[in-house]
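As structure tokens, the structure follows; a few thoughts come after it.
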Amino acid sequence: MKKIFLILFCIPLILSAQIYYLDDLIDNGLQNNLSLKQAQLILENANSKKIASQWNLYPDVSVGSSHKEYFSDKPQNAKDNSFDFSVSKNISLNDQAWFSYMFNNFDYETAKIQYDFKKKSFIYQIINDYIAVLNLQKQFNLLNENKEIQQMIVNQSKVLFYQQKATSFDVSQSEITLLNAEISILKVKNDLATKRKQLFNNLNMIDNNYLLSDLEFNSEYSIPEHDIKANNDVILLEREIKRNKLSLTQNNLKLFPSLNLSYNYSQGYVSNTFKLDNKNTNHTVMLSLSYSFKDFFVDHQSKIQTRNIKRSNELSLTDKENNLTNQYSQLSDELGYLENLHQLYLKKVKQTNENLSIATERYKLGLIPQLDFDKARYEFLDAKIALESNQYEIISKRENINFLMSKKLLNKW
């Protein structure tokens, strides 16, 4: 009976201790994300097109048989049985089957890159939302502690006012500070609810209002090298330019006379019995050359259009590389600024913590009033809030740089 009571007593504690972990959220989000499922279907279709065009490269093979009966006066010719086997293949200077396979194979490889990029973009978005919720969650908890301390300061100020050791101005100032604390808590609470809703909407999950597990802050971090060629947008633009070059090759070949080479091998058996003893074998080779003046002008304009598209993509690539260089420089400067702030906040937290320790000892000895002790606690928590918030901004900024340079996110994804 005691064991049952103990289990029933512990169940609420166990449930209340449930925590969301980033790895689990990302795994669930990847499974539930509809955009990724659509991207997977696009990838499968691209693979199917590649396989279908690959089959068009092989020779055509056909097998056939027939049985005929003739109603005539000659019984020996009343039946006719045949069996045919044929192999044929056409080869041309501008082989549509070959170019179709090259384009479809190229598009399939591009679809794989786009799928991986969409997956990483989703993970990056979840990480940013997760960090934002963590930051607000920590701020909310610390601000509530600060509010309790500020409430004690207000109460102590009123006591000192009644003892004529403080002025009404001192009481009013402490009450204004308390109001500011309450306003900050209300804003953070609203922002926290908004960010949590955004996080779980992106995950396509129901939020059970569990706490989020914290992320470890690593003070050692090396900024990845400035390698814009590794950026996914740059990779996709470069692939588009390669596809344009392939189209230009096809357009150039269309300007030449059409040269076609075809070969056909067929073997057949014909008989008026089922022995199929009459064998016929045929080998056919055909070489043709043709030229269309009308198609020349049409293909020439098509070449101009493809060349302009290629040039446009090259300009887009140059613009993208310049923007990435500027973004990398800006993010690096912002990260350096945040890391400098981090060092200052560490010193501030250390100093306010030391002041709090001194204030605690002096308060125990009755050397300082409750008001001064509460102020020392308030300053320590305020410094801690600033340090924690800045650490989350550093983590977020690092992942911005990692994503920009297509590096692993949080050394995992």
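Just so we're on the same page: first chain in the structure tokens is A, next is B, and so on; residues restart at 1 for each chain, and ligands are numbered from 1 in the order they show up.
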So that I can see what lies close to Ser389 (chain A), please list as a list in words the residues with an atom at most 9 Å from it, counting only C-alpha atoms and leaving out residues fewer than 6 positions away in the same chain. Asn135, Leu136, Lys138 and Gln139 of chain A
Would you output that residue set with C-alpha atoms, as a compact mmCIF listing (two decimals), in the first residue's frame?
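Generated file (part_20.txt):
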# COMPACT_ATOMS: atom_id res chain seq x y z
CA ASN A 135 16.42 33.57 -23.89
CA LEU A 136 12.94 34.82 -23.04
CA LYS A 138 15.49 32.71 -18.72
CA GLN A 139 14.69 36.44 -18.72
Polymer residues at most 8 Å from Pro224 (chain A), only C-alpha atoms, same-chain spacing of 6 or more positions, as a PyMOL selection string: chain A and resi 401-402+405+407
Proximity to Thr194 (chain A) - best of A:Asn33, A:His300, A:Glu379, A:Ala132, only C-alpha atoms: A:Ala132
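Between CA of Asp129 (chain A) and CA of Glu148 (chain A) there is a distance of 28.8 Å.
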Can you pull out the residues contacting Asp382 (chain A)? Cut-off 10 Å, using only C-alpha atoms, and skip same-chain residues under 6 positions away; I want them as a PyMOL selection string. chain A and resi 139+142-143+145-146+348-349+352+376
Next, the residues of the selection above should be written as a compact mmCIF listing (two decimals), in the first residue's frame with C-alpha atoms.
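Produced file again_22.txt, reproduced below:
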# COMPACT_ATOMS: atom_id res chain seq x y z
CA GLN A 139 14.69 36.44 -18.72
CA LEU A 142 15.12 36.20 -13.53
CA LEU A 143 12.80 39.18 -13.96
CA GLU A 145 13.07 37.19 -9.02
CA ASN A 146 13.96 40.83 -9.53
CA LYS A 348 30.03 42.83 -13.85
CA VAL A 349 28.45 39.59 -12.62
CA THR A 352 28.05 42.36 -8.22
CA ALA A 376 22.71 44.48 -3.93
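Between CA of Ala359 (chain A) and CA of Asp372 (chain A) there is a distance of 7.7 Å.
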Excluding region 304-306 of chain A and residues on its chain fewer than 5 positions from it, collect all residues at most 9 Å away from it, counting only C-alpha atoms, and give them as a VMD selection string. chain A and resid 244 to 245 247 to 248 251 299 311
Go ahead and save the residues from that selection, with N, CA and C atoms, as a compact mmCIF listing (two decimals), in the first residue's frame.
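Listed below is the output, result_2.txt:
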# COMPACT_ATOMS: atom_id res chain seq x y z
N ASN A 244 22.88 26.13 -68.16
CA ASN A 244 22.81 27.05 -69.30
C ASN A 244 23.87 26.71 -70.34
N LYS A 245 25.06 26.34 -69.89
CA LYS A 245 26.14 25.96 -70.81
C LYS A 245 25.76 24.71 -71.60
N SER A 247 22.73 23.84 -72.32
CA SER A 247 21.71 24.28 -73.29
C SER A 247 22.36 24.99 -74.47
N LEU A 248 23.40 25.76 -74.21
CA LEU A 248 24.11 26.43 -75.31
C LEU A 248 24.78 25.41 -76.23
N ASN A 251 22.09 24.13 -78.39
CA ASN A 251 21.71 25.14 -79.38
C ASN A 251 22.75 25.25 -80.50
N ASP A 299 16.55 28.54 -84.25
CA ASP A 299 17.55 28.05 -83.29
C ASP A 299 18.55 29.13 -82.92
N ARG A 311 24.00 34.80 -68.89
CA ARG A 311 24.63 36.04 -68.45
C ARG A 311 23.90 36.63 -67.24
Which of these, A:Asn45, A:Ser316, A:Ser302, A:Asn202, has the shortest distance to Lys112 (chain A) once you count only C-alpha atoms? A:Asn45
Would you return as a PyMOL selection string the members of region 104-272 of chain A that DSSP assigns to alpha helix (DSSP H) on this structure's backbone? chain A and resi 104-162+168-203+232-254
Quick one: which region 284-343 of chain A residues come within 12 Å of region 231-240 of chain A, and what is the nearest atom pair for each with the distance in Å to one decimal, counting only C-alpha atoms, rows ordered by chain and ascending number, as CSV?
residue,atom,partner,partner_atom,distance
A:Thr306,CA,A:Glu240,CA,11.5
A:Ile309,CA,A:Glu240,CA,9.7
A:Lys310,CA,A:Glu240,CA,8.1
A:Arg311,CA,A:Glu240,CA,11.0
A:Ser312,CA,A:Leu237,CA,10.5
A:Asn313,CA,A:Leu237,CA,6.7
A:Glu314,CA,A:Leu237,CA,7.9
A:Leu315,CA,A:Leu237,CA,10.1
A:Ser316,CA,A:Leu237,CA,7.8
A:Leu317,CA,A:Leu237,CA,6.1
A:Thr318,CA,A:Val234,CA,9.2
A:Asp319,CA,A:Val234,CA,10.1
A:Lys320,CA,A:Val234,CA,7.0
A:Glu321,CA,A:Val234,CA,7.2
A:Asn322,CA,A:Val234,CA,10.9
A:Asn323,CA,A:Val234,CA,11.0
A:Leu324,CA,A:Asn231,CA,8.6
A:Thr325,CA,A:Asn231,CA,11.0
A:Tyr328,CA,A:Asn231,CA,11.3
With 12 Å as the cut-off and only C-alpha atoms counted, what is the closest atom pair between each nearby residue of region 137-219 of chain A and region 393-400 of chain A? Distances in Å to one decimal, ordered by chain and number, as a tab-separated table.
residue	atom	partner	partner_atom	distance
A:Asp214	CA	A:Ile395	CA	11.8
A:Leu215	CA	A:Ile395	CA	8.9
A:Glu216	CA	A:Ile395	CA	9.3
A:Phe217	CA	A:Ile395	CA	7.3
A:Asn218	CA	A:Ile395	CA	8.6
A:Ser219	CA	A:Ile394	CA	9.6
Writing out the chosen residues with N, CA, C and O atoms as a PDB file, in the first residue's frame:
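Produced file selection_29.pdb, reproduced below:
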ATOM      1  N   ASP A 214      18.335  23.598 -21.702  1.00  0.00           N
ATOM      2  CA  ASP A 214      19.259  24.680 -22.023  1.00  0.00           C
ATOM      3  C   ASP A 214      20.346  24.210 -22.978  1.00  0.00           C
ATOM      4  O   ASP A 214      20.637  23.013 -23.087  1.00  0.00           O
ATOM      5  N   LEU A 215      20.930  25.160 -23.694  1.00  0.00           N
ATOM      6  CA  LEU A 215      22.058  24.875 -24.580  1.00  0.00           C
ATOM      7  C   LEU A 215      23.352  25.271 -23.886  1.00  0.00           C
ATOM      8  O   LEU A 215      23.416  26.292 -23.205  1.00  0.00           O
ATOM      9  N   GLU A 216      24.360  24.447 -24.080  1.00  0.00           N
ATOM     10  CA  GLU A 216      25.649  24.726 -23.454  1.00  0.00           C
ATOM     11  C   GLU A 216      26.348  25.862 -24.199  1.00  0.00           C
ATOM     12  O   GLU A 216      26.449  25.840 -25.425  1.00  0.00           O
ATOM     13  N   PHE A 217      26.813  26.838 -23.432  1.00  0.00           N
ATOM     14  CA  PHE A 217      27.544  27.951 -24.028  1.00  0.00           C
ATOM     15  C   PHE A 217      29.024  27.621 -24.040  1.00  0.00           C
ATOM     16  O   PHE A 217      29.635  27.394 -22.991  1.00  0.00           O
ATOM     17  N   ASN A 218      29.588  27.596 -25.234  1.00  0.00           N
ATOM     18  CA  ASN A 218      31.004  27.296 -25.396  1.00  0.00           C
ATOM     19  C   ASN A 218      31.753  28.605 -25.657  1.00  0.00           C
ATOM     20  O   ASN A 218      31.510  29.273 -26.654  1.00  0.00           O
ATOM     21  N   SER A 219      32.640  28.951 -24.736  1.00  0.00           N
ATOM     22  CA  SER A 219      33.372  30.208 -24.889  1.00  0.00           C
ATOM     23  C   SER A 219      34.409  30.137 -26.005  1.00  0.00           C
ATOM     24  O   SER A 219      34.842  31.177 -26.521  1.00  0.00           O
TER      25      SER A 219
END
Using only C-alpha atoms, which residues sit within 8 Å of Val133 (chain A) once same-chain residues fewer than 6 positions away are excluded, as a list in words? Leu192, Lys195 and Arg196 of chain A
Residue selection dump (N, CA, C and O atoms) as a PDB file, in the first residue's frame:
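Saved result, again34.pdb, follows:
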ATOM      1  N   LEU A 192       7.390  35.718 -25.021  1.00  0.00           N
ATOM      2  CA  LEU A 192       7.650  34.291 -24.812  1.00  0.00           C
ATOM      3  C   LEU A 192       6.518  33.444 -25.370  1.00  0.00           C
ATOM      4  O   LEU A 192       6.754  32.434 -26.040  1.00  0.00           O
ATOM      5  N   LYS A 195       6.746  33.560 -29.225  1.00  0.00           N
ATOM      6  CA  LYS A 195       7.852  32.769 -29.754  1.00  0.00           C
ATOM      7  C   LYS A 195       7.616  31.268 -29.580  1.00  0.00           C
ATOM      8  O   LYS A 195       7.975  30.467 -30.455  1.00  0.00           O
ATOM      9  N   ARG A 196       7.029  30.869 -28.481  1.00  0.00           N
ATOM     10  CA  ARG A 196       6.718  29.439 -28.285  1.00  0.00           C
ATOM     11  C   ARG A 196       5.692  28.978 -29.321  1.00  0.00           C
ATOM     12  O   ARG A 196       5.804  27.886 -29.880  1.00  0.00           O
TER      13      ARG A 196
END
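By chain and then residue number, the residues within 7 Å of Ile126 (chain A) are Phe122, Tyr130 and Leu199 of chain A, counting only C-alpha atoms and disregarding those fewer than 4 positions away in sequence.
Distances to Tyr378 (chain A) were evaluated for A:Ala46, A:Leu356, A:Leu186, A:Leu30 using only C-alpha atoms, and the minimum falls at A:Leu356.
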Can you work out the spacing between CA of Ile19 (chain A) and CA of Lys187 (chain A) in Å, to one decimal? 24.1 Å
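The residues of region 125-322 of chain A that DSSP classifies as strand (DSSP E or B), using the backbone of this structure, are Leu211, Leu212, Ser258, Leu259, Asn260, Leu261, Ser262, Tyr263, Asn264, Tyr265, Ser266, Gln267, Gly268, Tyr269, Val270, Ser271, Asn278, Lys279, Asn280, Thr281, Asn282, His283, Thr284, Val285, Met286, Leu287, Ser288, Leu289 and Ser290 of chain A.
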